[in-house]
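File shown: coords06.cif (mmCIF, C-alpha atoms).
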data_data
loop_
_atom_site.label_atom_id
_atom_site.label_comp_id
_atom_site.auth_asym_id
_atom_site.auth_seq_id
_atom_site.Cartn_x
_atom_site.Cartn_y
_atom_site.Cartn_z
CA MET J 26 0.00 0.00 0.00
CA MET J 27 2.85 2.38 0.83
CA GLN J 28 4.41 1.74 -2.57
CA ALA J 29 1.08 2.26 -4.34
CA TYR J 30 0.42 5.57 -2.59
CA ASN J 31 4.01 6.89 -2.54
CA ILE J 32 4.34 6.82 1.24
CA PRO J 33 8.08 6.96 2.01
CA THR J 34 9.49 3.78 3.56
CA ALA J 35 12.52 1.50 3.28
CA ALA J 36 13.13 -0.57 0.17
CA TYR J 37 12.22 -4.19 0.91
CA LYS J 38 11.57 -7.71 -0.38
CA THR J 39 9.77 -10.68 1.15
CA PHE J 40 11.11 -14.23 1.23
CA SER J 41 10.07 -17.70 2.30
CA ASN J 42 13.13 -19.48 0.89
CA GLU J 43 16.42 -19.46 2.83
CA GLN J 44 18.74 -19.50 -0.20
CA ASP J 45 16.91 -16.67 -1.96
CA ALA J 46 16.98 -14.57 1.20
CA LYS J 47 20.71 -15.11 1.72
CA ALA J 48 21.44 -14.31 -1.92
CA TYR J 49 19.54 -11.02 -1.53
CA VAL J 50 21.60 -10.09 1.54
CA ASP J 51 24.79 -10.96 -0.34
CA LYS J 52 23.72 -8.74 -3.24
CA THR J 53 22.42 -5.83 -1.14
CA GLY J 54 25.05 -5.76 1.61
CA VAL J 55 24.90 -4.81 5.28
CA PRO J 56 23.72 -3.28 7.56
CA ILE J 57 20.30 -4.70 6.78
CA VAL J 58 17.06 -5.44 8.65
CA ILE J 59 15.46 -8.89 8.93
CA LYS J 60 11.83 -9.04 10.11
CA ALA J 61 9.39 -11.82 10.84
CA ASP J 62 6.31 -11.12 8.73
CA GLY J 63 3.86 -11.90 11.56
CA LEU J 64 3.31 -10.87 15.17
CA ALA J 65 6.30 -11.68 17.38
CA ALA J 66 5.69 -9.62 20.54
CA GLY J 67 7.96 -6.83 19.29
CA LYS J 68 10.94 -9.21 19.15
CA GLY J 69 10.84 -10.38 15.53
CA VAL J 70 13.34 -7.85 14.19
CA VAL J 71 17.11 -8.24 13.77
CA VAL J 72 19.28 -5.32 12.68
CA ALA J 73 22.25 -7.17 11.21
CA SER J 74 25.57 -5.34 10.92
CA THR J 75 27.36 -8.33 9.33
CA ALA J 76 26.40 -10.91 6.72
CA GLN J 77 26.90 -13.61 9.35
CA GLU J 78 24.31 -11.97 11.64
CA ALA J 79 21.89 -11.60 8.74
CA ASN J 80 22.28 -15.23 7.65
CA ALA J 81 21.89 -16.46 11.24
CA ALA J 82 18.64 -14.48 11.55
CA ILE J 83 17.36 -15.89 8.25
CA GLU J 84 18.08 -19.44 9.45
CA ASP J 85 16.50 -18.74 12.84
CA PHE J 86 13.33 -17.36 11.28
CA LEU J 87 12.82 -19.54 8.20
CA CYS J 88 14.53 -22.84 9.07
CA ASN J 89 14.21 -23.00 12.85
CA GLN J 90 10.78 -21.29 12.85
CA LYS J 91 11.76 -19.18 15.87
CA PHE J 92 8.37 -17.46 15.86
CA GLY J 93 6.33 -20.28 14.34
CA GLU J 94 3.80 -19.11 11.76
CA ALA J 95 4.96 -15.52 12.25
CA SER J 96 8.34 -16.28 10.66
CA ARG J 97 7.35 -18.58 7.79
CA THR J 98 7.78 -15.48 5.64
CA ILE J 99 10.35 -12.77 6.33
CA VAL J 100 10.82 -9.21 5.16
CA ILE J 101 14.32 -7.98 4.39
CA GLU J 102 14.51 -4.20 4.51
CA GLU J 103 16.95 -1.46 3.70
CA PHE J 104 18.65 -0.16 6.85
CA LEU J 105 17.52 3.41 7.47
CA GLU J 106 19.85 5.73 9.34
CA GLY J 107 18.68 8.69 11.40
CA GLU J 108 16.78 9.71 14.51
CA GLU J 109 13.75 7.54 15.34
CA PHE J 110 10.44 8.83 16.66
CA SER J 111 6.90 7.57 17.14
CA LEU J 112 3.77 9.36 15.97
CA MET J 113 0.26 8.30 16.99
CA ALA J 114 -3.07 9.72 15.88
CA PHE J 115 -6.79 9.39 16.48
CA VAL J 116 -8.30 8.45 13.12
CA ASN J 117 -11.77 8.14 11.64
CA GLY J 118 -11.64 7.64 7.89
CA ASP J 119 -9.71 10.56 6.44
CA ALA J 120 -10.04 12.63 9.65
CA VAL J 121 -6.65 12.47 11.38
CA TYR J 122 -5.76 14.07 14.74
CA PRO J 123 -2.03 13.65 15.46
CA MET J 124 -0.74 13.33 19.01
CA ASP J 125 2.53 14.73 20.26
CA ILE J 126 5.52 12.58 19.36
CA SER J 127 7.68 10.35 21.55
CA GLN J 128 10.87 8.36 21.23
CA ASP J 129 11.02 4.67 22.18
CA HIS J 130 14.13 2.66 23.12
CA LYS J 131 13.91 -0.79 21.50
CA ARG J 132 17.26 -2.34 22.38
CA ALA J 133 17.49 -4.23 25.67
CA PHE J 134 20.61 -2.60 27.09
CA ASP J 135 22.22 0.80 27.61
CA GLY J 136 23.79 2.46 24.60
CA ASP J 137 21.26 0.78 22.28
CA GLU J 138 23.04 -2.55 22.69
CA GLY J 139 21.55 -6.05 22.75
CA PRO J 140 18.50 -7.56 21.08
CA ASN J 141 15.35 -5.73 20.09
CA THR J 142 12.49 -5.77 22.60
CA GLY J 143 8.94 -4.50 22.79
CA GLY J 144 10.35 -1.27 24.23
CA MET J 145 12.47 -0.49 27.31
CA GLY J 146 11.32 3.08 27.87
CA ALA J 147 10.23 6.26 26.14
CA TYR J 148 9.96 10.01 26.54
CA SER J 149 7.96 12.93 25.22
CA PRO J 150 8.34 15.56 23.82
CA VAL J 151 11.28 14.86 21.50
CA SER J 152 12.99 18.22 21.18
CA GLN J 153 15.58 17.12 18.62
CA ILE J 154 12.84 16.39 16.06
CA SER J 155 11.73 19.80 14.78
CA ASP J 156 8.16 20.93 14.20
CA SER J 157 8.79 20.97 10.45
CA VAL J 158 9.81 17.28 10.46
CA GLN J 159 6.73 16.38 12.53
CA LYS J 160 4.43 18.26 10.14
CA ARG J 161 6.08 16.57 7.19
CA ALA J 162 5.47 13.16 8.79
CA VAL J 163 1.79 14.02 9.25
CA TYR J 164 1.22 15.35 5.71
CA GLU J 165 3.45 12.94 3.79
CA ILE J 166 2.80 9.76 5.77
CA LEU J 167 0.01 9.74 8.35
CA LYS J 168 -2.73 11.53 6.41
CA PRO J 169 -1.93 9.77 3.10
CA ALA J 170 -2.08 6.39 4.88
CA ALA J 171 -5.53 7.11 6.33
CA GLU J 172 -6.75 8.43 2.95
CA ALA J 173 -5.32 5.38 1.18
CA LEU J 174 -7.33 3.07 3.45
CA VAL J 175 -10.48 5.01 2.52
CA LYS J 176 -9.66 4.71 -1.18
CA GLU J 177 -9.05 0.97 -0.75
CA GLY J 178 -12.54 0.59 0.72
CA ARG J 179 -11.14 -0.18 4.17
CA PRO J 180 -11.63 3.07 6.16
CA TYR J 181 -10.03 2.88 9.59
CA GLN J 182 -11.38 4.09 12.92
CA GLY J 183 -9.11 3.98 15.95
CA ILE J 184 -5.51 4.69 16.85
CA LEU J 185 -3.02 4.69 14.01
CA TYR J 186 0.60 4.46 15.15
CA VAL J 187 3.56 5.00 12.84
CA GLY J 188 7.17 4.36 13.80
CA LEU J 189 9.43 6.70 11.84
CA ILE J 190 13.06 7.45 11.19
CA ASN J 191 14.18 10.87 10.07
CA THR J 192 16.63 10.19 7.24
CA ASP J 193 18.59 12.66 5.13
CA ASP J 194 15.65 12.42 2.70
CA GLY J 195 13.07 13.16 5.40
CA PRO J 196 10.92 10.91 7.61
CA LYS J 197 10.32 7.34 6.45
CA VAL J 198 8.12 4.56 7.84
CA ILE J 199 9.60 1.75 9.91
CA GLU J 200 6.28 0.25 11.01
CA PHE J 201 2.55 0.81 11.41
CA ASN J 202 0.40 -0.40 14.30
CA ALA J 203 -3.38 -0.24 14.68
CA ARG J 204 -3.25 0.52 18.41
CA PHE J 205 -1.65 2.69 21.06
CA GLY J 206 2.10 2.07 21.10
CA ASP J 207 3.59 0.65 24.29
CA PRO J 208 5.52 2.26 25.99
CA GLU J 209 4.95 5.38 23.87
CA ALA J 210 1.34 5.91 24.97
CA GLN J 211 2.47 5.79 28.61
CA VAL J 212 4.52 8.97 28.17
CA VAL J 213 2.31 10.72 25.61
CA LEU J 214 -1.15 10.34 27.18
CA PRO J 215 -0.15 11.76 30.61
CA ARG J 216 0.69 14.98 28.72
CA LEU J 217 -2.77 15.18 27.09
CA GLU J 218 -4.86 17.96 28.61
CA ASN J 219 -8.10 16.84 26.92
CA ASP J 220 -10.40 14.25 28.45
CA LEU J 221 -9.30 11.05 26.69
CA LEU J 222 -12.74 9.43 26.64
CA GLN J 223 -14.31 12.59 25.23
CA VAL J 224 -11.70 12.70 22.46
CA MET J 225 -12.45 9.09 21.55
CA GLU J 226 -16.21 9.69 21.49
CA ASP J 227 -15.82 12.85 19.38
CA VAL J 228 -13.59 11.06 16.86
CA MET J 229 -16.06 8.15 16.62
CA ASN J 230 -18.95 10.59 16.15
CA GLN J 231 -17.05 12.57 13.49
CA LYS J 232 -16.94 15.72 15.58
CA PRO J 233 -13.93 18.04 15.18
CA VAL J 234 -11.19 17.53 17.76
CA LYS J 235 -8.53 19.96 18.99
CA LEU J 236 -5.84 18.28 21.07
CA SER J 237 -4.05 20.26 23.77
CA TRP J 238 -0.76 19.26 25.40
CA LYS J 239 0.93 20.11 28.70
CA ASP J 240 4.28 21.87 28.57
CA GLU J 241 5.67 19.29 31.02
CA ALA J 242 7.88 16.46 29.80
CA CYS J 243 7.29 12.81 30.64
CA VAL J 244 9.90 10.04 30.88
CA GLY J 245 9.01 6.36 31.34
CA VAL J 246 11.33 3.46 32.18
CA VAL J 247 10.47 -0.23 31.86
CA LEU J 248 11.36 -2.74 34.57
CA ALA J 249 12.00 -6.11 32.92
CA SER J 250 12.70 -9.66 34.06
CA SER J 251 16.36 -10.71 33.97
CA GLY J 252 16.95 -12.57 30.72
CA TYR J 253 14.30 -10.69 28.72
CA PRO J 254 13.73 -10.73 25.73
CA ASP J 255 14.94 -14.34 25.78
CA THR J 256 14.22 -16.79 28.62
CA TYR J 257 13.30 -15.51 32.07
CA ASP J 258 11.79 -16.83 35.28
CA LYS J 259 8.27 -16.09 36.49
CA GLY J 260 6.96 -15.92 40.04
CA GLN J 261 9.82 -13.84 41.48
CA GLU J 262 8.75 -11.38 44.16
CA LEU J 263 9.03 -7.69 43.25
CA PRO J 264 10.16 -4.93 45.65
CA ASN J 265 7.34 -3.17 47.47
CA LEU J 266 5.66 -0.93 44.92
CA ASP J 267 4.16 1.18 47.72
CA ARG J 268 7.57 2.84 47.93
CA ILE J 269 6.99 4.51 44.56
CA HIS J 270 6.03 8.16 45.06
CA SER J 271 2.35 8.89 44.55
CA ASN J 272 3.05 11.52 41.87
CA ALA J 273 4.65 8.91 39.58
CA HIS J 274 2.64 6.72 37.20
CA VAL J 275 3.01 2.93 37.45
CA PHE J 276 1.71 0.93 34.46
CA HIS J 277 1.56 -2.83 35.04
CA ALA J 278 2.24 -5.32 32.23
CA GLY J 279 3.82 -8.66 33.13
CA THR J 280 3.00 -8.76 36.85
CA LYS J 281 0.79 -10.92 39.03
CA LEU J 282 -0.67 -10.28 42.47
CA LYS J 283 -0.03 -13.36 44.61
CA GLN J 284 -1.02 -13.48 48.25
CA GLY J 285 -0.96 -9.70 48.46
CA LYS J 286 2.47 -9.33 46.83
CA TRP J 287 3.43 -8.41 43.28
CA THR J 288 5.41 -11.06 41.42
CA THR J 289 6.96 -11.34 37.95
CA ASN J 290 4.71 -12.87 35.30
CA GLY J 291 6.27 -11.80 32.00
CA GLY J 292 9.21 -10.15 30.28
CA ARG J 293 8.38 -6.48 30.54
CA LEU J 294 6.94 -6.16 34.04
CA LEU J 295 5.89 -2.54 34.47
CA LEU J 296 6.73 1.00 33.49
CA VAL J 297 7.29 3.90 35.86
CA ALA J 298 6.73 7.37 34.39
CA ALA J 299 7.37 10.81 35.82
CA GLU J 300 6.26 14.25 34.65
CA ASN J 301 8.15 17.44 35.35
CA SER J 302 8.78 20.93 33.99
CA SER J 303 11.76 19.79 31.91
CA LEU J 304 12.93 16.56 30.36
CA GLU J 305 16.01 16.57 32.55
CA LYS J 306 13.98 16.91 35.76
CA ALA J 307 11.49 14.23 34.67
CA ARG J 308 14.39 11.90 33.89
CA GLU J 309 16.03 12.51 37.28
CA GLN J 310 12.70 11.95 39.02
CA VAL J 311 11.89 8.65 37.32
CA TYR J 312 15.34 7.23 37.98
CA GLU J 313 15.05 8.08 41.67
CA GLU J 314 11.91 5.91 41.66
CA MET J 315 13.57 3.11 39.66
CA LYS J 316 16.30 2.77 42.31
CA LYS J 317 13.59 1.59 44.70
CA LEU J 318 12.88 -1.37 42.39
CA ASN J 319 16.43 -2.78 42.17
CA SER J 320 16.50 -6.58 42.56
CA ASP J 321 18.44 -9.64 41.39
CA HIS J 322 15.49 -10.73 39.24
CA THR J 323 15.03 -7.56 37.20
CA PHE J 324 16.85 -4.94 35.15
CA TYR J 325 16.19 -1.62 33.43
CA ARG J 326 18.02 0.70 31.08
CA LYS J 327 19.81 3.61 32.75
CA ASP J 328 19.93 5.85 29.67
CA ILE J 329 16.31 6.47 28.66
CA ALA J 330 15.97 9.98 27.15
CA GLN J 331 19.71 10.59 27.49
CA LYS J 332 20.26 11.14 23.77
CA ALA J 333 17.89 14.14 23.87
CA PHE J 334 20.59 16.07 25.72
CA TYR J 335 23.28 15.69 23.05
CA CYS J 336 21.25 15.40 19.81
CA LYS J 337 20.86 18.57 17.77
CA THR J 338 17.44 19.59 16.54
CA ILE J 339 16.86 18.01 13.12
CA SER J 340 14.89 20.26 10.78
#
Render the structure in this file as structure tokens.
Amino acid sequence: MMQAYNIPTAAYKTFSNEQDAKAYVDKTGVPIVIKADGLAAGKGVVVASTAQEANAAIEDFLCNQKFGEASRTIVIEEFLEGEEFSLMAFVNGDAVYPMDISQDHKRAFDGDEGPNTGGMGAYSPVSQISDSVQKRAVYEILKPAAEALVKEGRPYQGILYVGLINTDDGPKVIEFNARFGDPEAQVVLPRLENDLLQVMEDVMNQKPVKLSWKDEACVGVVLASSGYPDTYDKGQELPNLDRIHSNAHVFHAGTKLKQGKWTTNGGRLLLVAAENSSLEKAREQVYEEMKKLNSDHTFYRKDIAQKAFYCKTIS
């Protein structure tokens, strides 16, 4: 659909045959991106910097069926270089109401090292992505996508999420989701001044919507089980969450209440988010809270939002 409607994205090809996929990598070169074509809990993406890494991912996905049905077909994409950001919008047909942007951190470990995950933290606003880039993403990508769905006879009503990378040629699509992004929504929605339910009802009823945003910044950090995104134990007791300050947000994900105590029940356990007058203050605040959750069974990234302090604004 993006090709048909000239929506900028990475060059790509799909494969279900190992030899063909490896030949394409050999021809195209690295770095390159290997994706499972189905749902894989945010973990079905490998950014390969060497041919060996790319070939290993191809074998894992196609031959070893790492994600079952989800990896019977793979997508091999051009590696896009630039600053990433996430843009969500309320959509009803060709009516599109963009939210403020955020930046997610997909890699498991500090410095953007380790495997891809469903997201280890996020922050909003993203000052290094200029207003002109954001507007370009809305008018060249988000609105054309919603209009294309109408033209295809499949008008969409709901949340449209687009993951973007700002290349030298402007913003390009990494992914689309038909839902709120996680953890992006957990740092964007606390900044929304409107009543969320009213916005949803107005969008559904085709009433005009004007979104208003707080000046405050919001930073969210994910607490994950040790070993995530690979194997991890469940049933480990978490530190007392009552110690988290009442002005912080705690969003549960992979937790379970057992005999009055919170225990681990998944990979990404919860996200703690803090709002403050500046990104720096919000970041300091959330990490003070995260210290209270240190344990042998969990980990979290220590550098969420850090790049915002040394990245220049990209116009």
Residues within 12 Å of Thr53 of chain J, please, as a list in words. Count all atoms listed in the file; anything in the same chain fewer than 6 positions from it doesn't count. Ala36, Tyr37, Lys38, Ala46, Lys47, Thr75, Ala76, Ala79, Ile101, Glu102, Glu103 and Phe104 of chain J
Taking into account all atoms listed in the file, which residue in the set J:Gly144, J:Gly63, J:Val100, J:Ala330 is nearest to Tyr49 of chain J?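 Looking at the shortest contact to Tyr49 of chain J, the residue is J:Val100.
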The PyMOL selection byres ((chain J and resi 146) around 7) resolved against shown file, as a PyMOL selection string: chain J and resi 129-130+144-145+147+208+245-247+329
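In this structure, atom CA of Pro150 of chain J sits 17.0 Å away from atom CA of His274 of chain J.
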Enter the distance from atom CA of Lys160 of chain J to atom CA of Lys235 of chain J, in Å, rounded to one decimal.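 Between these atoms lies a distance of 15.8 Å.
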Could you expand the PyMOL selection byres ((chain J and resi 308) around 12) into the explicit residues it covers here, written as a JSON list (two decimals) with C-alpha atoms, in the frame of the given file?
[["chain", "number", "residue", "atom", "x", "y", "z"],
["J", 146, "GLY", "CA", 11.32, 3.08, 27.87],
["J", 147, "ALA", "CA", 10.23, 6.26, 26.14],
["J", 148, "TYR", "CA", 9.96, 10.01, 26.54],
["J", 149, "SER", "CA", 7.96, 12.93, 25.22],
["J", 212, "VAL", "CA", 4.52, 8.97, 28.17],
["J", 241, "GLU", "CA", 5.67, 19.29, 31.02],
["J", 242, "ALA", "CA", 7.88, 16.46, 29.80],
["J", 243, "CYS", "CA", 7.29, 12.81, 30.64],
["J", 244, "VAL", "CA", 9.90, 10.04, 30.88],
["J", 245, "GLY", "CA", 9.01, 6.36, 31.34],
["J", 246, "VAL", "CA", 11.33, 3.46, 32.18],
["J", 273, "ALA", "CA", 4.65, 8.91, 39.58],
["J", 297, "VAL", "CA", 7.29, 3.90, 35.86],
["J", 298, "ALA", "CA", 6.73, 7.37, 34.39],
["J", 299, "ALA", "CA", 7.37, 10.81, 35.82],
["J", 300, "GLU", "CA", 6.26, 14.25, 34.65],
["J", 301, "ASN", "CA", 8.15, 17.44, 35.35],
["J", 302, "SER", "CA", 8.78, 20.93, 33.99],
["J", 303, "SER", "CA", 11.76, 19.79, 31.91],
["J", 304, "LEU", "CA", 12.93, 16.56, 30.36],
["J", 305, "GLU", "CA", 16.01, 16.57, 32.55],
["J", 306, "LYS", "CA", 13.98, 16.91, 35.76],
["J", 307, "ALA", "CA", 11.49, 14.23, 34.67],
["J", 309, "GLU", "CA", 16.03, 12.51, 37.28],
["J", 310, "GLN", "CA", 12.70, 11.95, 39.02],
["J", 311, "VAL", "CA", 11.89, 8.65, 37.32],
["J", 312, "TYR", "CA", 15.34, 7.23, 37.98],
["J", 313, "GLU", "CA", 15.05, 8.08, 41.67],
["J", 314, "GLU", "CA", 11.91, 5.91, 41.66],
["J", 315, "MET", "CA", 13.57, 3.11, 39.66],
["J", 327, "LYS", "CA", 19.81, 3.61, 32.75],
["J", 328, "ASP", "CA", 19.93, 5.85, 29.67],
["J", 329, "ILE", "CA", 16.31, 6.47, 28.66],
["J", 330, "ALA", "CA", 15.97, 9.98, 27.15],
["J", 331, "GLN", "CA", 19.71, 10.59, 27.49],
["J", 332, "LYS", "CA", 20.26, 11.14, 23.77],
["J", 333, "ALA", "CA", 17.89, 14.14, 23.87],
["J", 334, "PHE", "CA", 20.59, 16.07, 25.72]]
Have a look at atom CA of Leu189 of chain J and atom CA of Glu43 of chain J and let me know their distance in Å, one decimal.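 Computing the Euclidean distance for atom CA of Leu189 of chain J and atom CA of Glu43 of chain J yields 28.5 Å.
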Since I can't run it myself right now, could you work out what the PyMOL selection byres ((chain J and resi 199) around 10) selects here and report it as a PyMOL selection string? chain J and resi 33-35+102+104-105+109-111+187-190+196-198+200-201
Could you check the closest approach to Val55 of chain J for each of J:Asn219, J:Thr288, J:Gln77, J:Asn202 and tell me which residue wins, using all atoms listed in the file?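 For Val55 of chain J, the nearest of the candidates is J:Gln77.
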Counting only C-alpha atoms, what is within 10 Å of Cys88 of chain J, bar same-chain residues fewer than 3 positions away, as number ranges by chain? J: 41-43, 81-85, 91, 96-97
Could you check which of J:Leu294, J:Leu248, J:Ala66, J:Val50 is closest to Glu78 of chain J, using all atoms listed in the file? J:Val50
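Proximity to Ser127 of chain J was assessed for J:Asp193, J:Glu218, J:Glu108, J:Glu165 counting all atoms listed in the file; the smallest distance is recorded for J:Glu108.
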Taking all atoms of segment 183-188 of chain J that the file lists, what box with edges along x, y and z, padded by 3 Å per side, do you get, with centre and edge lengths in Å to one decimal, as JSON?
{"center_x": -1.0, "center_y": 4.5, "center_z": 14.8, "size_x": 22.3, "size_y": 7.0, "size_z": 10.0}
Would you kindly return, as a ChimeraX atom specification, each protein, DNA or RNA residue with an atom no farther than 7 Å from any atom of Ala249 of chain J, considering all atoms listed in the file and excluding same-chain residues fewer than 4 positions away? /J:253,292-294,323-325
When you count all atoms listed in the file, which of these residues is closest to Thr256 of chain J: J:Pro215, J:Gly206, J:Gly136, J:Gly291?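 So, comparing all the options, the nearest one is J:Gly291.
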Which residues are close to Gln159 of chain J, i.e. within 9 Å by all atoms listed in the file, leaving aside same-chain residues fewer than 3 positions away? Reply as a PyMOL selection string. chain J and resi 112+125-126+154-156+162-164+196
Closest to Asp258 of chain J among J:Thr280, J:Asn290, J:Ser271, J:Thr98, using only C-alpha atoms? J:Asn290
